[in-house]
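Worksheet for the structure shown next.
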Amino acid sequence: MPPVISDPKPRPPLHTRLFADITPLRTSADYRRLWFGNTVSWVGQQMTALAVSLQVYALTGSTFAVGAVGLCSLVPLVVFGLYGGAVADTVDRRKLGMYSAVGATVLSVALAAAALADVRQVWVLYTVVALQAVCFAMNSPARSSMIPRLLPPEQLPAANALSSLTSNLGMMGGPMLGGVFVGLWGYQAAYLIDVGCFTAALYAMWRLPAMRPDHGDGDGAPRRPSVLEGLRFLATRPNLRMTFFADLAAMVLAQPRALFPAVAVLWFGGDAKTVGLLVAAPAVGAVLGALFSGWLGAVRRHGLAILVSVAAWGAAVACFGLTRHLWLGLFFLAVAGCADTVSMVFRGTMLQAAAPDRMRGRLQGVFIVVVAGGPRLGDFLAGSAADLATPAVAVVGGGLACVVTVVLLALWRRDFARYDARDPQP
């Protein structure tokens, strides 16, 4: 009797291997509500961010005053990002997410009320923006650290790709919608719509089960928030630490954003519309990277994928600095944005899968600080290098420095490239 040969396991359909994997949305109702609520509220937040900038400029006529809006949000993000992560590791994350979302909703109501009352003091807007950043710094670690409790480990890359899609679509569509609504009905329209958008996030949090951190001892007793404990943990976990080093290499050394106004004129003979294209190109690439992210779930060597994608970011930025054709430059910036999405997916997955539940909030807090502070430091470094030399030297040199740094990191921590998602080791 001939031996029975079993049929080989069929390959998934092409569309599931190519397009974004929506399995997390299909299999978990809690995650589906959380993702939808975050998507809607993020669009609203980006509408509000644009409306505040427009209102500050209308009141002051000063671009410096508009730039100060970013500073008002950056400082609370850096300070409270670490503390918010520590709090998320000591309390019910569902309640922390709800309370911080309620706080953000109230602040949007305050912005709308001030606009309706024609309050013309800029310090009011600055204060509300700073408090909104505090709410975000408390909410984001709680929300991100809940995802591994809602999904199995193999679905985390897909979930992070969906989160990247939310982030980049919100940054693209939110300001556009905000400009339309402000133009039609005034600043208060954007703020009130933002209030409505927050209800989706509040409903998603309200429907979740309790999410108290698992400390491994089973007592569930409250603990004091400790930022230092999280930093000490990170200092002894080389794989997790490398994810932050790799991201800083990209965001600090190869961040050309601050030079876009100058290169738009000097390289491409353009104007403000050209600057807008340069700013939008990485976001378009990031969205495309998220839309066509179905293949990421099959990757097991997450450390190697991070190193390759960060090096690709640096190489694409360097190529952008070498071209003087606008559409070719936009192409390289889009490639950089796509590479950044791949890096973000695997960095986020490693933080969620390799870290114990009791530390996830604090690591997400460090993630916020790196994401918020790294690009700003990169802007300063690129601007300084361009003043000392030329924009071309700053862009090309920064991209190449990123690639070299990634190679040195890979040689320094060789085990990072061998990280296997089937056996996540921090």
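Numbering starts fresh at 1 for the residues of each chain in the structure tokens, the chains themselves are lettered A, B, ... in the order given, and ligands are numbered from 1 as they appear.
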For Ser140 (chain A): contacts at 12 Å, only C-alpha atoms, fewer than 5 positions along chain excluded, given as an MDAnalysis selection string: chainID A and resid 38 42 77 80:88 93:94 96:98 100:101 133:135 145:147 163 201 360:369
Write a file of the selected residues as a short mmCIF file (atom, residue, chain, number, x, y, z; two decimals), in the first residue's frame, keeping N, CA, C and O atoms.
data_model
loop_
_atom_site.label_atom_id
_atom_site.label_comp_id
_atom_site.auth_asym_id
_atom_site.auth_seq_id
_atom_site.Cartn_x
_atom_site.Cartn_y
_atom_site.Cartn_z
N ASN A 38 -9.60 54.94 18.87
CA ASN A 38 -8.34 55.68 18.77
C ASN A 38 -8.22 56.36 17.42
O ASN A 38 -7.72 57.49 17.32
N TRP A 42 -7.96 60.32 17.20
CA TRP A 42 -6.70 60.85 16.69
C TRP A 42 -6.94 61.85 15.56
O TRP A 42 -6.26 62.88 15.49
N LEU A 77 5.06 66.15 27.30
CA LEU A 77 5.19 64.79 26.76
C LEU A 77 6.43 64.11 27.29
O LEU A 77 6.40 62.92 27.67
N PHE A 80 5.94 63.91 31.47
CA PHE A 80 4.86 63.04 31.93
C PHE A 80 4.81 61.72 31.16
O PHE A 80 4.09 60.82 31.58
N GLY A 81 5.54 61.61 30.04
CA GLY A 81 5.57 60.33 29.35
C GLY A 81 6.16 59.25 30.23
O GLY A 81 5.61 58.14 30.35
N LEU A 82 7.28 59.55 30.88
CA LEU A 82 7.90 58.58 31.79
C LEU A 82 7.00 58.31 32.99
O LEU A 82 6.80 57.16 33.39
N TYR A 83 6.45 59.37 33.58
CA TYR A 83 5.61 59.18 34.76
C TYR A 83 4.31 58.46 34.40
O TYR A 83 3.84 57.59 35.15
N GLY A 84 3.73 58.80 33.25
CA GLY A 84 2.50 58.13 32.84
C GLY A 84 2.69 56.65 32.64
O GLY A 84 1.83 55.83 32.98
N GLY A 85 3.86 56.26 32.10
CA GLY A 85 4.14 54.84 31.95
C GLY A 85 4.26 54.15 33.29
O GLY A 85 3.80 53.00 33.46
N ALA A 86 4.88 54.81 34.27
CA ALA A 86 5.00 54.22 35.61
C ALA A 86 3.62 54.07 36.26
O ALA A 86 3.34 53.05 36.91
N VAL A 87 2.76 55.06 36.08
CA VAL A 87 1.41 54.96 36.65
C VAL A 87 0.65 53.81 35.99
O VAL A 87 -0.08 53.07 36.65
N ALA A 88 0.83 53.65 34.68
CA ALA A 88 0.12 52.58 33.96
C ALA A 88 0.52 51.19 34.44
O ALA A 88 -0.22 50.22 34.23
N ARG A 93 -5.31 49.91 34.03
CA ARG A 93 -5.02 50.69 32.82
C ARG A 93 -6.30 51.14 32.12
O ARG A 93 -6.32 52.18 31.47
N ARG A 94 -7.35 50.37 32.26
CA ARG A 94 -8.63 50.79 31.67
C ARG A 94 -9.10 52.09 32.30
O ARG A 94 -9.51 53.02 31.60
N LEU A 96 -7.27 54.32 33.93
CA LEU A 96 -6.35 55.40 33.58
C LEU A 96 -6.63 55.91 32.18
O LEU A 96 -6.64 57.12 31.93
N GLY A 97 -6.89 54.99 31.24
CA GLY A 97 -7.23 55.40 29.88
C GLY A 97 -8.52 56.21 29.83
O GLY A 97 -8.61 57.21 29.11
N MET A 98 -9.51 55.78 30.60
CA MET A 98 -10.79 56.50 30.62
C MET A 98 -10.64 57.88 31.22
O MET A 98 -11.11 58.89 30.65
N SER A 100 -7.98 59.80 31.61
CA SER A 100 -7.17 60.71 30.79
C SER A 100 -7.92 61.13 29.53
O SER A 100 -7.80 62.28 29.08
N ALA A 101 -8.73 60.23 28.96
CA ALA A 101 -9.55 60.59 27.80
C ALA A 101 -10.63 61.60 28.19
O ALA A 101 -10.94 62.52 27.42
N ALA A 133 -1.32 67.66 26.37
CA ALA A 133 -0.14 66.79 26.25
C ALA A 133 0.01 65.91 27.48
O ALA A 133 0.41 64.75 27.38
N VAL A 134 -0.31 66.45 28.65
CA VAL A 134 -0.27 65.65 29.87
C VAL A 134 -1.27 64.49 29.78
O VAL A 134 -0.94 63.34 30.11
N CYS A 135 -2.48 64.78 29.31
CA CYS A 135 -3.48 63.73 29.16
C CYS A 135 -3.03 62.66 28.17
O CYS A 135 -3.20 61.45 28.41
N SER A 145 -0.12 49.43 26.34
CA SER A 145 0.24 48.26 27.14
C SER A 145 -0.93 47.31 27.32
O SER A 145 -0.74 46.18 27.78
N MET A 146 -2.14 47.73 26.94
CA MET A 146 -3.29 46.82 27.02
C MET A 146 -3.37 45.88 25.82
O MET A 146 -3.98 44.82 25.90
N ILE A 147 -2.80 46.26 24.70
CA ILE A 147 -2.98 45.48 23.47
C ILE A 147 -2.49 44.04 23.60
O ILE A 147 -3.17 43.12 23.13
N SER A 163 -2.01 50.34 13.85
CA SER A 163 -1.79 51.56 14.62
C SER A 163 -1.02 52.59 13.81
O SER A 163 -1.31 53.80 13.87
N ALA A 201 -13.45 57.01 21.69
CA ALA A 201 -12.40 56.45 22.55
C ALA A 201 -12.93 56.13 23.93
O ALA A 201 -12.58 55.11 24.53
N ARG A 360 5.37 47.01 30.91
CA ARG A 360 4.99 47.50 29.59
C ARG A 360 4.64 48.98 29.58
O ARG A 360 4.95 49.70 28.64
N GLY A 361 3.98 49.44 30.60
CA GLY A 361 3.62 50.85 30.65
C GLY A 361 4.84 51.74 30.68
O GLY A 361 4.92 52.74 29.96
N ARG A 362 5.83 51.40 31.50
CA ARG A 362 7.02 52.23 31.60
C ARG A 362 7.83 52.22 30.30
O ARG A 362 8.38 53.26 29.91
N LEU A 363 7.89 51.08 29.64
CA LEU A 363 8.60 51.05 28.37
C LEU A 363 7.86 51.87 27.31
O LEU A 363 8.49 52.52 26.47
N GLN A 364 6.53 51.85 27.35
CA GLN A 364 5.78 52.70 26.43
C GLN A 364 5.99 54.17 26.75
O GLN A 364 5.98 55.03 25.86
N GLY A 365 6.20 54.48 28.04
CA GLY A 365 6.52 55.86 28.41
C GLY A 365 7.85 56.30 27.84
O GLY A 365 8.00 57.42 27.34
N VAL A 366 8.88 55.42 27.91
CA VAL A 366 10.16 55.73 27.28
C VAL A 366 9.99 55.90 25.78
O VAL A 366 10.60 56.79 25.16
N PHE A 367 9.14 55.07 25.18
CA PHE A 367 8.87 55.17 23.75
C PHE A 367 8.31 56.55 23.40
O PHE A 367 8.72 57.16 22.40
N ILE A 368 7.40 57.06 24.21
CA ILE A 368 6.84 58.39 23.97
C ILE A 368 7.93 59.45 24.01
O ILE A 368 8.00 60.35 23.16
N VAL A 369 8.82 59.36 25.01
CA VAL A 369 9.89 60.35 25.15
C VAL A 369 10.80 60.32 23.93
O VAL A 369 11.18 61.37 23.39
#
Which residue of A:Trp35, A:Phe245, A:Phe233, A:Tyr191 approaches Gly374 (chain A) most closely, using only C-alpha atoms: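 Ranking A:Trp35, A:Phe245, A:Phe233, A:Tyr191 by distance to Gly374 (chain A), first place goes to A:Phe245.
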Using 12 Å as the limit and counting only C-alpha atoms, can you tabulate each residue of region 61-157 of chain A that touches region 348-353 of chain A, with its shortest atom-to-atom distance in Å and the two atoms involved, as CSV?
residue,atom,partner,partner_atom,distance
A:Pro141,CA,A:Gln352,CA,11.1
A:Arg143,CA,A:Gln352,CA,11.7
A:Ser144,CA,A:Gln352,CA,8.2
A:Ser145,CA,A:Gln352,CA,6.9
A:Met146,CA,A:Gln352,CA,9.1
A:Ile147,CA,A:Gln352,CA,8.0
A:Pro148,CA,A:Gln352,CA,6.2
A:Arg149,CA,A:Gln352,CA,9.6
A:Leu150,CA,A:Gln352,CA,11.5
A:Leu151,CA,A:Ala353,CA,10.7
A:Pro152,CA,A:Ala353,CA,9.5
A:Pro153,CA,A:Ala353,CA,6.5
A:Glu154,CA,A:Ala353,CA,9.4
A:Gln155,CA,A:Thr349,CA,9.3
A:Leu156,CA,A:Thr349,CA,5.8
A:Pro157,CA,A:Thr349,CA,5.8
Write out the residues from the selection above, keeping N, CA and C atoms, as a PDB file, in the first residue's frame.
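Result went into again29.pdb, see below:
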ATOM      1  N   PRO A 141       0.557  55.311  27.170  1.00  0.00           N
ATOM      2  CA  PRO A 141       1.154  54.085  27.724  1.00  0.00           C
ATOM      3  C   PRO A 141       0.102  53.091  28.202  1.00  0.00           C
ATOM      4  N   ARG A 143      -2.988  52.693  27.024  1.00  0.00           N
ATOM      5  CA  ARG A 143      -3.653  52.080  25.872  1.00  0.00           C
ATOM      6  C   ARG A 143      -2.735  51.080  25.168  1.00  0.00           C
ATOM      7  N   SER A 144      -1.475  51.462  24.953  1.00  0.00           N
ATOM      8  CA  SER A 144      -0.552  50.579  24.226  1.00  0.00           C
ATOM      9  C   SER A 144      -0.242  49.310  25.016  1.00  0.00           C
ATOM     10  N   SER A 145      -0.116  49.435  26.340  1.00  0.00           N
ATOM     11  CA  SER A 145       0.240  48.262  27.144  1.00  0.00           C
ATOM     12  C   SER A 145      -0.931  47.305  27.322  1.00  0.00           C
ATOM     13  N   MET A 146      -2.142  47.728  26.940  1.00  0.00           N
ATOM     14  CA  MET A 146      -3.294  46.818  27.019  1.00  0.00           C
ATOM     15  C   MET A 146      -3.374  45.881  25.822  1.00  0.00           C
ATOM     16  N   ILE A 147      -2.796  46.257  24.699  1.00  0.00           N
ATOM     17  CA  ILE A 147      -2.976  45.484  23.466  1.00  0.00           C
ATOM     18  C   ILE A 147      -2.485  44.043  23.597  1.00  0.00           C
ATOM     19  N   PRO A 148      -1.319  43.769  24.237  1.00  0.00           N
ATOM     20  CA  PRO A 148      -0.919  42.361  24.376  1.00  0.00           C
ATOM     21  C   PRO A 148      -1.867  41.535  25.242  1.00  0.00           C
ATOM     22  N   ARG A 149      -2.716  42.193  26.016  1.00  0.00           N
ATOM     23  CA  ARG A 149      -3.702  41.465  26.807  1.00  0.00           C
ATOM     24  C   ARG A 149      -4.953  41.150  25.994  1.00  0.00           C
ATOM     25  N   LEU A 150      -5.107  41.811  24.843  1.00  0.00           N
ATOM     26  CA  LEU A 150      -6.291  41.615  24.013  1.00  0.00           C
ATOM     27  C   LEU A 150      -6.035  40.694  22.829  1.00  0.00           C
ATOM     28  N   LEU A 151      -4.760  40.517  22.445  1.00  0.00           N
ATOM     29  CA  LEU A 151      -4.436  39.763  21.237  1.00  0.00           C
ATOM     30  C   LEU A 151      -3.338  38.742  21.529  1.00  0.00           C
ATOM     31  N   PRO A 152      -3.299  37.645  20.784  1.00  0.00           N
ATOM     32  CA  PRO A 152      -2.184  36.700  20.908  1.00  0.00           C
ATOM     33  C   PRO A 152      -0.913  37.291  20.308  1.00  0.00           C
ATOM     34  N   PRO A 153       0.266  36.787  20.705  1.00  0.00           N
ATOM     35  CA  PRO A 153       1.528  37.383  20.246  1.00  0.00           C
ATOM     36  C   PRO A 153       1.674  37.439  18.733  1.00  0.00           C
ATOM     37  N   GLU A 154       1.171  36.409  18.027  1.00  0.00           N
ATOM     38  CA  GLU A 154       1.367  36.385  16.576  1.00  0.00           C
ATOM     39  C   GLU A 154       0.584  37.480  15.860  1.00  0.00           C
ATOM     40  N   GLN A 155      -0.385  38.104  16.536  1.00  0.00           N
ATOM     41  CA  GLN A 155      -1.155  39.173  15.904  1.00  0.00           C
ATOM     42  C   GLN A 155      -0.629  40.574  16.230  1.00  0.00           C
ATOM     43  N   LEU A 156       0.406  40.663  17.055  1.00  0.00           N
ATOM     44  CA  LEU A 156       0.915  41.977  17.443  1.00  0.00           C
ATOM     45  C   LEU A 156       1.515  42.757  16.279  1.00  0.00           C
ATOM     46  N   PRO A 157       2.297  42.133  15.364  1.00  0.00           N
ATOM     47  CA  PRO A 157       2.773  42.932  14.216  1.00  0.00           C
ATOM     48  C   PRO A 157       1.634  43.527  13.398  1.00  0.00           C
TER      49      PRO A 157
END
Best match for closeness to Met138 (chain A) among A:Val180, A:Ala246, A:Val91, A:Ala334, counting only C-alpha atoms: A:Val91
Which of region 103-262 of chain A DSSP labels alpha helix (DSSP H), written as a count of residues only: 122
Closest of A:Pro426, A:Pro238, A:Pro282, A:Pro24 to Gly329 (chain A) - atom-to-atom distances counting only C-alpha atoms: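 Nearest to Gly329 (chain A): A:Pro282.
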Residue among A:Ala316, A:Val79, A:Met172, A:Ala51 lying closest to Gly186 (chain A), counting only C-alpha atoms: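 For Gly186 (chain A), the nearest of the given residues is A:Ala51.
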Pick from A:Pro256, A:Gly399, A:Gly297, A:Pro213, whichever lies nearest to Ala315 (chain A) using only C-alpha atoms: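 Checking each of A:Pro256, A:Gly399, A:Gly297, A:Pro213 against Ala315 (chain A), counting only C-alpha atoms, the winner is A:Gly399.
Atom pair CA of Met344 (chain A) / CA of Thr105 (chain A): separated by 27.9 Å.
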Which of A:Ala290, A:Leu326, A:Met47, A:Ala401 sits closest to Val345 (chain A) [using only C-alpha atoms]: A:Ala290
Using 10 Å as the limit and counting only C-alpha atoms, can you tabulate each residue of region 326-354 of chain A that touches region 304-308 of chain A, with its shortest atom-to-atom distance in Å and the two atoms involved, as CSV?
residue,atom,partner,partner_atom,distance
A:Ala339,CA,A:Val308,CA,8.6
A:Asp340,CA,A:Ile306,CA,9.2
A:Val342,CA,A:Ile306,CA,7.4
A:Ser343,CA,A:Ile306,CA,4.9
A:Met344,CA,A:Ile306,CA,8.1
A:Val345,CA,A:Ile306,CA,8.9
A:Phe346,CA,A:Ile306,CA,6.5
A:Arg347,CA,A:Ile306,CA,7.0
Could you save the residues just selected, with C-alpha atoms, as an mmCIF file, in the first residue's frame?
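As a result, selection27.cif now contains:
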data_model
loop_
_atom_site.group_PDB
_atom_site.id
_atom_site.type_symbol
_atom_site.label_atom_id
_atom_site.label_comp_id
_atom_site.auth_asym_id
_atom_site.auth_seq_id
_atom_site.Cartn_x
_atom_site.Cartn_y
_atom_site.Cartn_z
ATOM 1 C CA ALA A 339 10.940 52.050 6.044
ATOM 2 C CA ASP A 340 9.988 53.955 9.187
ATOM 3 C CA VAL A 342 8.385 48.739 9.120
ATOM 4 C CA SER A 343 10.769 49.769 11.891
ATOM 5 C CA MET A 344 7.914 51.069 14.050
ATOM 6 C CA VAL A 345 5.901 47.861 13.662
ATOM 7 C CA PHE A 346 8.711 45.616 14.854
ATOM 8 C CA ARG A 347 9.957 47.986 17.560
#
Interatomic distance (Å, one decimal) between CA of Leu248 (chain A) and CA of His302 (chain A):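 A separation of 17.3 Å between them.
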